[in-house]
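Enquirer: Take this structure, written in structure tokens, and hold onto it; I'll ask about it next.
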Amino acid sequence: MSLIAALFAAAAVQTAPDPAVAEVTAVLDRLNLASSTADEAAYFDLFAPDARFVGTDPNEHWSLAEFRAYAEPHFQRGDGWSFPATERLVAIADIDCRCIAWFEEKLDSRHYGATRGSGVMRKTADGWKIEQYVLSFAIPNDRSDAVVAAVRAPAN
């Protein structure tokens with residue numbers, strides 16, 4: 001079993017609520033609230049200064065500054081985005097500091113439908129900060145050939 005799978009399994013069998021898991025969950029909920037209300041300051045405050053954002057497009061592998069440059073015009077127009085979580089798993093690294101977390105979310109988007117978010121967070125003096133966020137499409141295996149064909153097709 002991989003380390004990440006073991007961490008998720010350990011998190012799933014805990015009987016008492018873990019305050020660190022609740023804190024990470026609250027950050028992710030605030031992330032969606034800030035994006036859906038186009039609150040740029042609140043949104044980007046949840047990321048670590050050296051964070052990375054990996055989006056759905058092959059060119060979307062951004063530093064925080066690059067991601068902010070992309071998102072800023074959307075926020076300024078009030079065009080936020082909403083990806084509420086329908087399911088979420090959070091694992092806290094079993095190290096003395098309990099300062100690293102992994103998360104995986106099933107998200108629902110009006111525009112994209114079923115998507116996924118995953119990433120890593122680090123606890124800092126200012127609370128939990130997102131170090132990496134990866135947004136991806138959930139494509140059923142029986143439809144993947146059509147998606148691969150579309151991706152490989154020449155651009156118009």
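In the structure tokens, chains take letters A, B, ... by order of appearance, with residues numbered from 1 within each chain and ligands from 1 in the order shown.
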Please return, as a list in words, all residues of region 48-94 of chain A that DSSP assigns to alpha helix (DSSP H) on the basis of the backbone.
Expert: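 Selecting the alpha helix (DSSP H) positions of region 48-94 of chain A gives Leu64, Ala65, Glu66, Phe67, Arg68, Ala69, Tyr70, Ala71, Glu72, Pro73, His74, Phe75 and Gln76 of chain A.
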Enquirer: If you keep N, CA and C atoms, can you produce a file of those selected residues as a PDB file, in the first residue's frame?
Expert:
ATOM      1  N   LEU A  64       2.278  30.771  -7.695  1.00  0.00           N
ATOM      2  CA  LEU A  64       1.171  31.548  -7.147  1.00  0.00           C
ATOM      3  C   LEU A  64       1.016  32.875  -7.888  1.00  0.00           C
ATOM      4  N   ALA A  65       2.122  33.528  -8.224  1.00  0.00           N
ATOM      5  CA  ALA A  65       2.047  34.796  -8.962  1.00  0.00           C
ATOM      6  C   ALA A  65       1.418  34.590 -10.335  1.00  0.00           C
ATOM      7  N   GLU A  66       1.775  33.512 -11.017  1.00  0.00           N
ATOM      8  CA  GLU A  66       1.192  33.238 -12.338  1.00  0.00           C
ATOM      9  C   GLU A  66      -0.299  32.924 -12.223  1.00  0.00           C
ATOM     10  N   PHE A  67      -0.666  32.149 -11.221  1.00  0.00           N
ATOM     11  CA  PHE A  67      -2.074  31.818 -11.017  1.00  0.00           C
ATOM     12  C   PHE A  67      -2.874  33.072 -10.676  1.00  0.00           C
ATOM     13  N   ARG A  68      -2.304  33.907  -9.846  1.00  0.00           N
ATOM     14  CA  ARG A  68      -2.994  35.151  -9.477  1.00  0.00           C
ATOM     15  C   ARG A  68      -3.185  36.049 -10.695  1.00  0.00           C
ATOM     16  N   ALA A  69      -2.179  36.126 -11.560  1.00  0.00           N
ATOM     17  CA  ALA A  69      -2.294  36.927 -12.772  1.00  0.00           C
ATOM     18  C   ALA A  69      -3.425  36.409 -13.660  1.00  0.00           C
ATOM     19  N   TYR A  70      -3.584  35.093 -13.713  1.00  0.00           N
ATOM     20  CA  TYR A  70      -4.692  34.509 -14.475  1.00  0.00           C
ATOM     21  C   TYR A  70      -6.032  34.836 -13.816  1.00  0.00           C
ATOM     22  N   ALA A  71      -6.122  34.663 -12.508  1.00  0.00           N
ATOM     23  CA  ALA A  71      -7.393  34.770 -11.794  1.00  0.00           C
ATOM     24  C   ALA A  71      -7.837  36.205 -11.537  1.00  0.00           C
ATOM     25  N   GLU A  72      -6.898  37.117 -11.405  1.00  0.00           N
ATOM     26  CA  GLU A  72      -7.223  38.491 -11.015  1.00  0.00           C
ATOM     27  C   GLU A  72      -8.289  39.138 -11.895  1.00  0.00           C
ATOM     28  N   PRO A  73      -8.208  39.064 -13.222  1.00  0.00           N
ATOM     29  CA  PRO A  73      -9.269  39.684 -14.031  1.00  0.00           C
ATOM     30  C   PRO A  73     -10.651  39.076 -13.767  1.00  0.00           C
ATOM     31  N   HIS A  74     -10.696  37.772 -13.508  1.00  0.00           N
ATOM     32  CA  HIS A  74     -11.971  37.117 -13.201  1.00  0.00           C
ATOM     33  C   HIS A  74     -12.550  37.666 -11.900  1.00  0.00           C
ATOM     34  N   PHE A  75     -11.703  37.748 -10.882  1.00  0.00           N
ATOM     35  CA  PHE A  75     -12.159  38.271  -9.598  1.00  0.00           C
ATOM     36  C   PHE A  75     -12.587  39.731  -9.722  1.00  0.00           C
ATOM     37  N   GLN A  76     -11.845  40.526 -10.458  1.00  0.00           N
ATOM     38  CA  GLN A  76     -12.176  41.953 -10.606  1.00  0.00           C
ATOM     39  C   GLN A  76     -13.516  42.147 -11.302  1.00  0.00           C
TER      40      GLN A  76
END
Enquirer: Neighbours of Ala38 (chain A) within 9 Å (only C-alpha atoms; same-chain residues fewer than 5 positions away dropped), as a list in words?
Expert: Leu33, Tyr43, His74, Phe75, Gln76, Arg77, Gly78, Asp79, Gly80 and Trp81 of chain A
Enquirer: Please save C-alpha atoms of the selected residues as a PDB file, in the first residue's frame.
Expert:
ATOM      1  CA  LEU A  33     -16.444  30.411  -0.570  1.00  0.00           C
ATOM      2  CA  TYR A  43      -8.753  33.349  -1.745  1.00  0.00           C
ATOM      3  CA  HIS A  74     -11.971  37.117 -13.201  1.00  0.00           C
ATOM      4  CA  PHE A  75     -12.159  38.271  -9.598  1.00  0.00           C
ATOM      5  CA  GLN A  76     -12.176  41.953 -10.606  1.00  0.00           C
ATOM      6  CA  ARG A  77     -15.189  41.297 -12.878  1.00  0.00           C
ATOM      7  CA  GLY A  78     -16.894  39.394 -10.052  1.00  0.00           C
ATOM      8  CA  ASP A  79     -16.577  36.180 -12.063  1.00  0.00           C
ATOM      9  CA  GLY A  80     -15.611  33.725  -9.408  1.00  0.00           C
ATOM     10  CA  TRP A  81     -15.964  29.984  -9.703  1.00  0.00           C
TER      11      TRP A  81
END
Enquirer: Go through A:Ala150, A:Ile100, A:Leu89, A:Ala114 one by one, measure the shortest atom-to-atom distance of each to Trp128 (chain A) using only C-alpha atoms, and give the residue with the smallest value.
Expert: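 For Trp128 (chain A), the nearest of the candidates is A:Ile100.
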Enquirer: With distances taken over only C-alpha atoms, which of A:Leu46, A:Leu31, A:Ala125, A:Val134 is nearest to Glu104 (chain A)?
Expert: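 When distances to Glu104 (chain A) are compared using only C-alpha atoms, the smallest one comes from A:Val134.
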Enquirer: So which residues touch Pro84 (chain A) within 8 Å, counting only C-alpha atoms, skipping near sequence neighbours fewer than 3 positions away, as number ranges by chain?
Expert: A: 29, 32, 107-109
Enquirer: Please produce a file of those selected residues containing N, CA, C and O atoms, as an mmCIF file, in the first residue's frame.
Expert:
data_model
loop_
_atom_site.group_PDB
_atom_site.id
_atom_site.type_symbol
_atom_site.label_atom_id
_atom_site.label_comp_id
_atom_site.auth_asym_id
_atom_site.auth_seq_id
_atom_site.Cartn_x
_atom_site.Cartn_y
_atom_site.Cartn_z
ATOM 1 N N ASP A 29 -13.058 24.752 2.643
ATOM 2 C CA ASP A 29 -14.384 25.357 2.524
ATOM 3 C C ASP A 29 -14.278 26.866 2.296
ATOM 4 O O ASP A 29 -15.031 27.435 1.497
ATOM 5 N N ASN A 32 -13.387 27.610 -1.397
ATOM 6 C CA ASN A 32 -14.531 27.611 -2.300
ATOM 7 C C ASN A 32 -15.414 28.837 -2.089
ATOM 8 O O ASN A 32 -15.883 29.446 -3.056
ATOM 9 N N LEU A 107 -15.441 17.193 -6.406
ATOM 10 C CA LEU A 107 -16.042 18.521 -6.526
ATOM 11 C C LEU A 107 -17.161 18.511 -7.554
ATOM 12 O O LEU A 107 -17.168 17.692 -8.473
ATOM 13 N N ASP A 108 -18.070 19.444 -7.413
ATOM 14 C CA ASP A 108 -19.163 19.604 -8.358
ATOM 15 C C ASP A 108 -19.085 21.007 -8.944
ATOM 16 O O ASP A 108 -19.055 21.988 -8.206
ATOM 17 N N SER A 109 -19.040 21.090 -10.243
ATOM 18 C CA SER A 109 -18.956 22.374 -10.927
ATOM 19 C C SER A 109 -20.112 22.486 -11.911
ATOM 20 O O SER A 109 -20.364 21.547 -12.674
#
Enquirer: If DSSP is run on the backbone, what residues of region 9-153 of chain A are strand (DSSP E)? A reply as an MDAnalysis selection string would be ideal.
Expert: chainID A and resid 47:54 61:63 85:92 100:109 113:124 127:137
Enquirer: Go through A:Ala22, A:Ala48, A:Cys97, A:Val90 and flag the residue nearest Ser63 (chain A), using only C-alpha atoms for the distances.
Expert: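 For Ser63 (chain A), the nearest of the candidates is A:Ala48.
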Enquirer: For region 23-25 of chain A, find every residue with an atom within 10 Å (counting only C-alpha atoms), except residues of its own chain fewer than 4 positions away, and show them as a ChimeraX atom specification.
Expert: /A:18-19,29-31,88-92,100-103,121-123,127-130
Enquirer: What is the distance between CA of Asp126 (chain A) and CA of Ala26 (chain A), in Å to one decimal?
Expert: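 Going from CA of Asp126 (chain A) over to CA of Ala26 (chain A) covers 14.1 Å.
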Enquirer: Quick one, how far is CA of Gln132 (chain A) from CA of Pro17 (chain A)?
Expert: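 Going from CA of Gln132 (chain A) over to CA of Pro17 (chain A) covers 24.6 Å.
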Enquirer: What's the separation between CA of Tyr133 (chain A) and CA of Val120 (chain A), in Å to one decimal place?
Expert: 6.9 Å
Enquirer: Between A:Leu135, A:Thr115, A:Ala149, A:Asp142, which has the minimum distance to Glu60 (chain A) (counting only C-alpha atoms)?
Expert: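 Of the candidates, the smallest distance to Glu60 (chain A) is held by A:Leu135.
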